[in-house]
>>> print(open('structure25.txt').read())   # compact mmCIF, C-alpha atoms and all ligand atoms
# COMPACT_ATOMS: atom_id res chain seq x y z
CA MET Q 58 156.12 61.82 77.61
CA THR Q 59 159.31 63.31 79.00
CA THR Q 60 159.25 64.18 82.66
CA ILE Q 61 161.15 67.33 83.52
CA ALA Q 62 162.87 67.14 86.91
CA ALA Q 63 161.66 69.85 89.29
CA LEU Q 64 164.11 72.68 89.90
CA ASP Q 65 165.02 73.86 93.40
CA THR Q 66 167.96 76.17 92.65
CA PHE Q 67 168.60 79.41 90.75
CA TYR Q 68 171.52 79.28 88.29
CA PRO Q 69 172.17 82.91 87.24
CA GLY Q 70 173.31 83.19 83.63
CA GLU Q 71 172.53 79.55 82.69
CA LEU Q 72 169.74 78.30 80.46
CA TRP Q 73 166.50 78.21 82.49
CA PRO Q 74 164.15 75.48 81.27
CA ASP Q 75 160.38 75.95 81.54
CA ASN Q 76 157.92 73.07 82.11
CA ASN Q 77 158.56 71.89 78.53
CA GLY Q 78 162.34 71.99 78.91
CA VAL Q 79 162.57 75.13 76.73
CA HIS Q 80 164.67 78.14 77.86
CA ILE Q 81 162.29 80.74 79.31
CA ASN Q 82 161.57 83.45 76.73
CA ALA Q 83 160.57 86.49 78.81
CA HIS Q 84 163.30 89.13 78.56
CA GLY Q 85 163.23 92.59 80.15
CA GLY Q 86 160.56 91.11 82.35
CA GLY Q 87 158.69 91.70 85.53
CA ILE Q 88 156.77 89.58 87.99
CA LEU Q 89 153.23 89.91 89.27
CA LEU Q 90 152.19 87.97 92.36
CA HIS Q 91 148.46 87.30 92.32
CA GLU Q 92 146.57 84.98 94.69
CA GLY Q 93 149.64 82.88 95.51
CA THR Q 94 150.88 82.47 91.92
CA TYR Q 95 153.76 84.36 90.34
CA TYR Q 96 153.34 85.51 86.74
CA TRP Q 97 156.48 86.39 84.79
CA PHE Q 98 155.91 88.65 81.77
CA GLY Q 99 158.69 89.47 79.34
CA GLU Q 100 159.72 90.10 75.75
CA HIS Q 101 159.41 87.01 73.56
CA LYS Q 102 162.59 87.04 71.44
CA ILE Q 103 163.37 85.11 68.27
CA GLU Q 104 166.75 83.97 66.97
CA GLY Q 105 169.39 86.26 65.53
CA THR Q 106 169.47 90.06 65.50
CA ALA Q 107 165.86 90.09 64.26
CA GLY Q 108 164.98 89.06 67.81
CA ASN Q 109 165.71 92.57 69.04
CA ALA Q 110 162.35 93.62 67.59
CA ALA Q 111 158.95 92.12 68.50
CA HIS Q 112 157.81 89.35 66.16
CA VAL Q 113 155.59 87.45 68.60
CA GLY Q 114 154.66 89.56 71.62
CA VAL Q 115 154.78 89.45 75.41
CA HIS Q 116 155.27 85.96 76.86
CA CYS Q 117 153.81 84.86 80.20
CA TYR Q 118 154.90 82.06 82.56
CA SER Q 119 153.46 81.08 85.93
CA SER Q 120 155.03 79.56 89.03
CA THR Q 121 154.21 78.88 92.65
CA ASP Q 122 157.82 78.42 93.82
CA LEU Q 123 159.88 80.80 91.60
CA TYR Q 124 162.11 77.95 90.31
CA ASN Q 125 159.66 76.05 88.11
CA TRP Q 126 157.84 78.03 85.43
CA LYS Q 127 154.91 76.88 83.34
CA ASP Q 128 154.57 78.28 79.83
CA GLU Q 129 151.27 80.20 79.75
CA GLY Q 130 151.77 81.32 76.15
CA ILE Q 131 151.66 84.77 74.60
CA ALA Q 132 149.82 87.24 76.82
CA LEU Q 133 149.89 90.09 74.29
CA ALA Q 134 150.35 89.17 70.63
CA VAL Q 135 151.80 91.51 68.01
CA SER Q 136 149.40 92.46 65.21
CA ASP Q 137 149.48 91.66 61.50
CA ASP Q 138 147.72 94.95 60.77
CA PRO Q 139 150.25 97.48 59.43
CA ALA Q 140 148.11 100.27 60.91
CA SER Q 141 148.41 98.87 64.45
CA ASP Q 142 150.87 100.44 66.90
CA ILE Q 143 151.93 96.91 67.82
CA VAL Q 144 152.39 95.57 64.29
CA LYS Q 145 154.96 92.79 64.02
CA GLY Q 146 158.48 94.23 63.77
CA ASN Q 147 157.94 97.17 66.13
CA VAL Q 148 159.93 97.24 69.36
CA ILE Q 149 158.09 96.07 72.49
CA GLU Q 150 160.30 96.18 75.58
CA ARG Q 151 160.22 95.79 79.36
CA PRO Q 152 156.54 94.82 79.76
CA LYS Q 153 155.22 95.01 83.32
CA VAL Q 154 151.80 93.95 84.61
CA ILE Q 155 150.00 95.19 87.71
CA HIS Q 156 146.62 94.24 89.12
CA CYS Q 157 144.20 97.06 89.80
CA ALA Q 158 142.17 96.12 92.90
CA ALA Q 159 139.75 98.99 92.19
CA THR Q 160 138.71 97.66 88.75
CA GLY Q 161 139.75 94.01 89.06
CA LYS Q 162 141.68 94.34 85.77
CA PHE Q 163 145.22 93.32 84.94
CA VAL Q 164 147.02 96.20 83.28
CA MET Q 165 150.17 95.89 81.18
CA TRP Q 166 152.50 98.79 80.34
CA PHE Q 167 155.47 98.52 78.01
CA HIS Q 168 157.94 100.56 76.00
CA LEU Q 169 156.96 100.85 72.34
CA GLU Q 170 159.01 101.96 69.33
CA LEU Q 171 157.47 102.28 65.89
CA ALA Q 172 158.89 100.44 62.89
CA GLY Q 173 161.57 102.16 60.86
CA GLN Q 174 162.19 104.89 63.46
CA SER Q 175 164.81 103.16 65.58
CA TYR Q 176 164.22 104.43 69.14
CA LYS Q 177 162.91 107.89 68.18
CA ALA Q 178 159.20 107.37 68.96
CA ALA Q 179 159.94 106.82 72.69
CA ARG Q 180 156.37 105.89 73.54
CA THR Q 181 154.73 103.94 76.29
CA ALA Q 182 151.76 101.66 75.70
CA THR Q 183 149.03 99.86 77.62
CA ALA Q 184 147.00 96.66 77.37
CA ILE Q 185 144.31 95.14 79.60
CA SER Q 186 142.95 91.73 80.58
CA ASP Q 187 140.43 90.20 82.98
CA THR Q 188 142.80 87.34 83.79
CA PRO Q 189 146.51 87.44 84.66
CA THR Q 190 147.67 85.27 81.75
CA GLY Q 191 145.60 87.13 79.15
CA PRO Q 192 145.05 87.43 76.28
CA TYR Q 193 145.60 91.15 76.82
CA LYS Q 194 143.81 93.65 74.60
CA PHE Q 195 146.03 96.45 73.32
CA LEU Q 196 144.67 99.85 74.36
CA GLU Q 197 146.89 102.70 73.12
CA SER Q 198 150.38 104.12 72.89
CA PHE Q 199 151.39 107.67 73.77
CA ARG Q 200 154.02 109.92 75.29
CA PRO Q 201 152.98 110.50 78.90
CA ASN Q 202 151.94 113.68 80.67
CA ALA Q 203 151.28 115.93 77.66
CA GLY Q 204 150.27 119.38 78.87
CA HIS Q 205 151.47 118.86 82.44
CA TRP Q 206 154.50 120.39 84.15
CA PRO Q 207 156.58 118.27 86.54
CA ILE Q 208 155.85 118.98 90.22
CA ASN Q 209 159.50 119.55 91.10
CA VAL Q 210 160.58 122.32 88.72
CA PRO Q 211 160.61 126.01 89.59
CA ASP Q 212 157.93 128.22 88.01
CA GLU Q 213 160.48 130.05 85.86
CA LEU Q 214 161.14 126.83 83.95
CA LYS Q 215 157.46 126.21 83.23
CA LYS Q 216 157.60 127.84 79.81
CA PRO Q 217 158.27 126.81 76.22
CA LEU Q 218 161.79 126.91 74.81
CA THR Q 219 163.01 130.17 73.36
CA PRO Q 220 163.90 130.06 69.63
CA GLU Q 221 167.58 130.17 70.63
CA GLU Q 222 167.18 127.23 73.02
CA SER Q 223 165.27 125.26 70.37
CA ALA Q 224 167.98 125.87 67.80
CA THR Q 225 170.82 124.83 70.12
CA LEU Q 226 168.90 121.75 71.22
CA ALA Q 227 168.07 120.72 67.65
CA ALA Q 228 171.77 120.89 66.76
CA LEU Q 229 172.76 118.39 69.47
CA ASN Q 230 173.22 114.76 68.56
CA LEU Q 231 170.89 113.31 71.20
CA HIS Q 232 171.39 109.57 70.86
CA GLY Q 233 170.09 108.23 74.17
CA GLY Q 234 173.44 108.26 75.97
CA PRO Q 235 175.59 110.89 77.68
CA THR Q 236 175.99 113.79 75.27
CA PRO Q 237 178.34 116.80 75.57
CA GLY Q 238 176.31 119.96 76.14
CA TYR Q 239 173.20 118.00 77.20
CA PRO Q 240 170.79 120.62 78.58
CA THR Q 241 169.33 119.42 81.86
CA ASP Q 242 166.33 121.75 81.91
CA GLN Q 243 165.08 121.94 78.34
CA ILE Q 244 163.78 118.68 76.90
CA PHE Q 245 160.76 118.40 79.20
CA ARG Q 246 159.87 121.93 78.06
CA ARG Q 247 160.28 120.98 74.40
CA ASP Q 248 157.97 117.98 74.97
CA PHE Q 249 155.38 119.72 77.17
CA ALA Q 250 152.71 119.84 74.47
CA GLY Q 251 153.30 116.46 72.82
CA GLY Q 252 154.11 114.42 75.92
CA GLN Q 253 157.29 113.27 77.59
CA MET Q 254 159.59 110.70 76.01
CA SER Q 255 159.33 107.25 77.56
CA ARG Q 256 161.81 104.42 76.93
CA ASP Q 257 163.09 101.93 79.58
CA MET Q 258 160.38 101.63 82.20
CA THR Q 259 158.92 99.83 85.15
CA LEU Q 260 155.75 100.02 87.26
CA PHE Q 261 155.40 100.15 91.03
CA VAL Q 262 152.30 99.77 93.20
CA ASP Q 263 152.57 101.29 96.66
CA ASP Q 264 150.94 99.97 99.86
CA ASP Q 265 148.13 102.50 99.49
CA GLY Q 266 147.25 101.23 96.00
CA ALA Q 267 148.77 104.21 94.17
CA ALA Q 268 150.63 103.06 91.05
CA TYR Q 269 153.61 104.70 89.36
CA HIS Q 270 155.30 104.55 85.97
CA ILE Q 271 159.06 105.05 86.24
CA HIS Q 272 160.63 105.75 82.87
CA ALA Q 273 163.74 107.04 81.13
CA SER Q 274 162.76 110.37 79.57
CA GLU Q 275 164.25 113.48 77.97
CA ASP Q 276 166.40 111.45 75.52
CA ASN Q 277 167.26 109.16 78.46
CA GLY Q 278 168.99 111.99 80.36
CA VAL Q 279 166.35 112.32 83.10
CA LEU Q 280 164.26 109.73 84.94
CA HIS Q 281 160.57 110.53 85.35
CA ILE Q 282 158.31 109.13 88.05
CA SER Q 283 154.69 109.52 87.10
CA GLN Q 284 151.63 108.62 89.16
CA LEU Q 285 148.92 106.69 87.32
CA THR Q 286 145.17 107.28 87.44
CA ALA Q 287 143.18 105.15 89.91
CA ASP Q 288 142.38 102.61 87.15
CA TYR Q 289 146.12 102.38 86.26
CA LEU Q 290 145.33 103.07 82.59
CA ARG Q 291 146.75 106.59 82.11
CA PRO Q 292 149.30 108.95 83.63
CA SER Q 293 147.51 111.16 86.18
CA GLY Q 294 149.45 114.27 85.15
CA LYS Q 295 151.39 114.30 88.47
CA TYR Q 296 155.04 113.54 87.78
CA ALA Q 297 158.54 114.55 88.80
CA ARG Q 298 162.02 114.55 87.23
CA PHE Q 299 165.04 112.96 88.89
CA PHE Q 300 168.81 112.76 88.27
CA PRO Q 301 168.82 115.32 85.42
CA GLY Q 302 171.68 114.75 83.00
CA GLN Q 303 172.70 111.45 84.61
CA PHE Q 304 171.29 109.08 81.97
CA ASN Q 305 169.63 106.32 83.97
CA GLU Q 306 167.73 103.45 82.42
CA ALA Q 307 166.63 99.90 83.32
CA PRO Q 308 164.75 101.18 86.41
CA ALA Q 309 163.47 98.83 89.13
CA LEU Q 310 161.73 100.23 92.20
CA PHE Q 311 160.86 98.56 95.49
CA LYS Q 312 159.98 99.46 99.07
CA ARG Q 313 161.61 98.15 102.24
CA ASN Q 314 160.96 99.26 105.82
CA GLY Q 315 159.07 102.30 104.55
CA LYS Q 316 161.91 103.49 102.29
CA TYR Q 317 161.84 103.50 98.49
CA TYR Q 318 164.76 102.00 96.57
CA LEU Q 319 165.55 102.55 92.93
CA LEU Q 320 167.98 100.37 91.00
CA SER Q 321 169.01 101.38 87.48
CA SER Q 322 171.86 101.30 84.98
CA GLY Q 323 173.72 103.77 82.82
CA CYS Q 324 172.87 104.10 79.11
CA THR Q 325 175.17 101.93 76.98
CA GLY Q 326 172.58 100.06 74.89
CA TRP Q 327 172.83 96.27 75.10
CA ASP Q 328 176.34 96.49 76.60
CA PRO Q 329 176.51 96.20 80.38
CA ASN Q 330 177.68 99.00 82.67
CA ALA Q 331 177.72 99.60 86.42
CA ALA Q 332 174.36 99.40 88.20
CA ARG Q 333 173.21 102.32 90.32
CA SER Q 334 171.04 102.60 93.41
CA ALA Q 335 169.25 105.33 95.32
CA VAL Q 336 167.00 105.60 98.37
CA ALA Q 337 164.22 108.00 99.37
CA ASP Q 338 161.69 108.45 102.15
CA SER Q 339 159.07 109.55 99.62
CA ILE Q 340 158.70 108.37 96.05
CA TRP Q 341 158.71 112.09 95.13
CA GLY Q 342 162.18 112.41 96.58
CA PRO Q 343 164.62 113.71 97.46
CA TRP Q 344 166.50 110.62 96.24
CA THR Q 345 169.92 109.95 97.74
CA GLU Q 346 172.34 108.10 95.47
CA LEU Q 347 173.97 105.02 97.00
CA GLY Q 348 176.24 103.97 94.13
CA ASN Q 349 176.70 100.58 92.52
CA PRO Q 350 174.99 97.96 94.71
CA CYS Q 351 176.97 95.13 93.09
CA ILE Q 352 180.08 93.88 94.90
CA GLY Q 353 182.86 91.45 94.00
CA PRO Q 354 184.34 90.42 90.64
CA ASN Q 355 182.66 91.99 87.60
CA ALA Q 356 180.52 94.21 89.83
CA GLU Q 357 181.51 97.17 87.63
CA LEU Q 358 179.55 95.54 84.79
CA THR Q 359 176.62 94.33 86.94
CA PHE Q 360 177.91 90.77 86.28
CA ASP Q 361 177.26 91.48 82.56
CA GLY Q 362 173.59 92.16 83.30
CA GLN Q 363 171.12 95.03 83.41
CA ALA Q 364 168.32 95.44 85.96
CA THR Q 365 164.72 94.78 85.04
CA HIS Q 366 162.83 94.17 88.31
CA VAL Q 367 163.13 93.64 92.05
CA LEU Q 368 160.89 90.94 93.50
CA PRO Q 369 160.02 91.03 97.21
CA VAL Q 370 159.42 87.43 98.32
CA PRO Q 371 156.38 87.35 100.58
CA GLY Q 372 156.54 85.22 103.70
CA ILE Q 373 160.32 85.51 104.03
CA PRO Q 374 161.45 88.52 106.07
CA ASP Q 375 163.65 90.97 104.20
CA ALA Q 376 163.86 88.83 101.04
CA TYR Q 377 164.30 90.78 97.81
CA ILE Q 378 165.52 89.30 94.52
CA PHE Q 379 167.35 91.35 91.90
CA LEU Q 380 166.25 90.38 88.38
CA ALA Q 381 168.52 91.35 85.49
CA ASP Q 382 168.98 90.50 81.83
CA ARG Q 383 172.21 89.36 80.27
CA TRP Q 384 171.38 90.48 76.72
CA GLN Q 385 172.55 88.59 73.63
CA PRO Q 386 171.75 91.09 70.86
CA LYS Q 387 173.37 88.89 68.16
CA ASN Q 388 171.05 86.02 69.06
CA ALA Q 389 168.35 87.66 71.16
CA ILE Q 390 166.52 84.47 72.11
CA ASP Q 391 169.65 83.28 73.96
CA GLY Q 392 169.48 86.17 76.47
CA ARG Q 393 169.99 84.91 80.02
CA TYR Q 394 168.49 85.86 83.36
CA LEU Q 395 170.45 86.85 86.43
CA TRP Q 396 168.45 86.45 89.62
CA LEU Q 397 170.47 87.32 92.70
CA PRO Q 398 169.59 87.95 96.35
CA ILE Q 399 169.82 91.49 97.71
CA ASP Q 400 171.51 92.05 101.08
CA PHE Q 401 171.39 95.22 103.14
CA THR Q 402 173.97 96.85 105.39
CA ALA Q 403 171.72 99.16 107.39
CA ASP Q 404 169.80 100.83 104.54
CA THR Q 405 172.28 100.19 101.73
CA PRO Q 406 171.61 97.34 99.26
CA HIS Q 407 174.34 94.95 98.10
CA ILE Q 408 174.20 92.36 95.36
CA GLU Q 409 176.82 89.62 95.20
CA TRP Q 410 177.34 86.99 92.49
CA PHE Q 411 176.43 83.35 93.12
CA ASN Q 412 176.80 80.57 90.55
CA SER Q 413 173.83 78.95 92.22
CA TRP Q 414 171.62 79.69 95.21
CA ASP Q 415 168.14 79.07 96.57
CA LEU Q 416 165.60 80.79 98.79
CA SER Q 417 167.10 79.27 101.97
CA TYR Q 418 169.79 81.94 101.49
CA PHE Q 419 167.38 84.45 103.02
CA THR Q 420 166.57 82.37 106.09
CA ASP Q 421 170.11 81.00 106.69
CA ARG Q 422 172.12 84.23 106.39
C1 LIG Q 501 169.12 99.07 76.52
C2 LIG Q 501 167.75 98.98 77.15
C3 LIG Q 501 167.03 97.84 76.51
C4 LIG Q 501 166.98 98.12 75.02
C5 LIG Q 501 168.37 98.36 74.47
C6 LIG Q 501 168.38 98.72 73.00
O1 LIG Q 501 169.87 100.08 77.08
O2 LIG Q 501 167.85 98.81 78.52
O3 LIG Q 501 165.76 97.69 77.07
O4 LIG Q 501 166.22 99.27 74.80
O5 LIG Q 501 169.01 99.37 75.18
O6 LIG Q 501 169.66 99.11 72.56
>>> encode(input="structure25.txt", output="structure tokens")
Amino acid sequence: MTTIAALDTFYPGELWPDNNGVHINAHGGGILLHEGTYYWFGEHKIEGTAGNAAHVGVHCYSSTDLYNWKDEGIALAVSDDPASDIVKGNVIERPKVIHCAATGKFVMWFHLELAGQSYKAARTATAISDTPTGPYKFLESFRPNAGHWPINVPDELKKPLTPEESATLAALNLHGGPTPGYPTDQIFRRDFAGGQMSRDMTLFVDDDGAAYHIHASEDNGVLHISQLTADYLRPSGKYARFFPGQFNEAPALFKRNGKYYLLSSGCTGWDPNAARSAVADSIWGPWTELGNPCIGPNAELTFDGQATHVLPVPGIPDAYIFLADRWQPKNAIDGRYLWLPIDFTADTPHIEWFNSWDLSYFTDR
């Protein structure tokens, strides 16, 4: 039996061996801390460009120290049933798991795209388990908040599109990135009845137990923050729109000293761009933009990464870790992880590159 030496250092961008010496396969991931153990959930990728779709499912790893991760296997498996929403070959991205204290269940949300439709379905999906590592049972996929108006739009916008607006909108080439003529106040109206588009996403549980789904909507042009029901299984119907026309994706939300912070990226597909940050006193806004939190060489490309999660480290004051993916779309399984410490100047976050670092960074700085 081979003994794998214990790790005590983060090496952003390098291969990250699990307890079997295999590079961790949990891309676009997020971390749940439950009863002293961290659980990392992410997209299981396969080799080549095929790996950009889901052929296996959502992979789970566990750790008690954040450096050494034990392979816990596939938490949510894709289906062989062609009628299933999660049939092999669909797109399953950015899975996040939260624990619902009220029901005792572990609830997974992820971005789902249906086979053969590229990214047009723009759905979110849920799965549930009694244990953190699963197996999770797939529940449903949908576009959130059908039949509900956002809480932060004026009454005069709470109406369907006119035929003229529909025609102009239909003629636009909405491709998920900045688009000339993008209408900032129409797509949520178009999608009122059928539900709001939902692509890149994250989840956030507040101190009071309220949970939120933060997702790129309206053809990626507007970010939606949507409160979940008390069992975390559905959108509650209360949601708001932020940064209309600014095309944010890769959202990660965290709370520090009573303020809410949102990290995100622009919309350039697998290619990196400059990260963004914003702060608010209430999750419902107003959100104040703080610019690119990354500093130093290659900051303008987020060190070739894209945000996926921010992990507060309990027990260490003011310790927050930025988790990002360095995608490898030509050989998806080779995607790398960038974990970097977040620093603050007053209330403004900064992220600097380190070839290697460890948790003593937070206590020694
Ligand atoms: C990225 C997004 C990824 C994936 C990719 C597909 O912008 O953050 O999660 O959807 O686009 O091109």
>>> residues_around(input="structure25.txt", residues="Pro217 of chain Q", least_positions_apart="6", cutoff="12 Å", atoms="all atoms listed in the file", output="list in words")
Gly204, Trp206, Ser223, Asp242, Gln243, Ile244, Phe245, Arg246, Arg247, Asp248, Phe249, Ala250 and Gly251 of chain Q
>>> residues_near_ligand(input="structure25.txt", ligand="ligand LIG 501 (chain Q)", cutoff="6 Å", atoms="all atoms listed in the file", output="compact mmCIF listing (two decimals) with C-alpha atoms, in the frame of the given file")
# COMPACT_ATOMS: atom_id res chain seq x y z
CA GLU Q 150 160.30 96.18 75.58
CA ASP Q 257 163.09 101.93 79.58
CA ALA Q 307 166.63 99.90 83.32
CA CYS Q 324 172.87 104.10 79.11
CA THR Q 325 175.17 101.93 76.98
CA GLY Q 326 172.58 100.06 74.89
CA TRP Q 327 172.83 96.27 75.10
>>> residues_near_point(input="structure25.txt", point="(153.3, 79.5, 82.0)", cutoff="7 Å", atoms="all atoms listed in the file", output="list of chain:residue names")
Q:Cys117, Q:Tyr118, Q:Ser119, Q:Trp126, Q:Lys127, Q:Asp128, Q:Glu129, Q:Gly130
>>> residues_near_point(input="structure25.txt", point="(167.2, 94.8, 84.0)", cutoff="9 Å", atoms="all atoms listed in the file", output="ChimeraX atom specification")
/Q:84-86,151,306-309,320-322,362-366,379-383,395
>>> closest_residue(input="structure25.txt", among="Q:Leu169, Q:Asn82, Q:Gly161, Q:Arg256", to="Lys145 of chain Q", atoms="all atoms listed in the file")
Q:Leu169
>>> atom_distance(input="structure25.txt", atom1="atom CA of Asp187 of chain Q", atom2="atom CA of Lys162 of chain Q")
5.1 Å
>>> closest_residue(input="structure25.txt", among="Q:Ile340, Q:Ile149, Q:Ile408, Q:Leu319", to="Gln284 of chain Q", atoms="all atoms listed in the file")
Q:Ile340
>>> residues_around(input="structure25.txt", residues="Ser283 of chain Q", least_positions_apart="6", cutoff="9 Å", atoms="only C-alpha atoms", output="list of chain:residue names")
Q:Pro201, Q:Asn202, Q:Pro207, Q:Ala268, Q:Tyr269, Q:His270, Q:Ile271, Q:His272, Q:Pro292, Q:Ser293, Q:Gly294, Q:Lys295, Q:Tyr296, Q:Ala297, Q:Arg298
>>> closest_residue(input="structure25.txt", among="Q:Phe67, Q:Phe167, Q:Trp396, Q:Phe411", to="Tyr377 of chain Q", atoms="only C-alpha atoms")
Q:Trp396
>>> closest_residue(input="structure25.txt", among="Q:Gly372, Q:Pro69, Q:Gly252, Q:Pro350", to="Ile399 of chain Q", atoms="all atoms listed in the file")
Q:Pro350
>>> closest_residue(input="structure25.txt", among="Q:Asp375, Q:Asp122, Q:Glu221, Q:Glu100", to="Val135 of chain Q", atoms="only C-alpha atoms")
Q:Glu100
>>> atom_distance(input="structure25.txt", atom1="atom CA of Glu346 of chain Q", atom2="atom CA of Phe299 of chain Q")
11.0 Å
>>> atom_distance(input="structure25.txt", atom1="atom CA of Asn147 of chain Q", atom2="atom CA of Ala110 of chain Q")
5.8 Å
>>> closest_residue(input="structure25.txt", among="Q:Val210, Q:Cys157, Q:Val279, Q:Leu416", to="Pro240 of chain Q", atoms="all atoms listed in the file")
Q:Val279
>>> residues_around(input="structure25.txt", residues="Ile61 of chain Q", least_positions_apart="6", cutoff="12 Å", atoms="all atoms listed in the file", output="list of chain:residue names")
Q:Pro74, Q:Asp75, Q:Asn76, Q:Asn77, Q:Gly78, Q:Val79, Q:Asn125, Q:Trp126, Q:Lys127
>>> closest_atom_pairs(input="structure25.txt", of="segment 171-268 of chain Q", to="segment 314-317 of chain Q", cutoff="12 Å", atoms="all atoms listed in the file", output="JSON lines")
{"residue": "Q:Phe261", "atom": "CA", "partner": "Q:Tyr317", "partner_atom": "CA", "distance": 10.4}
{"residue": "Q:Val262", "atom": "CA", "partner": "Q:Tyr317", "partner_atom": "CA", "distance": 11.5}
{"residue": "Q:Asp263", "atom": "CA", "partner": "Q:Tyr317", "partner_atom": "CA", "distance": 9.7}
{"residue": "Q:Asp264", "atom": "CA", "partner": "Q:Gly315", "partner_atom": "CA", "distance": 9.7}
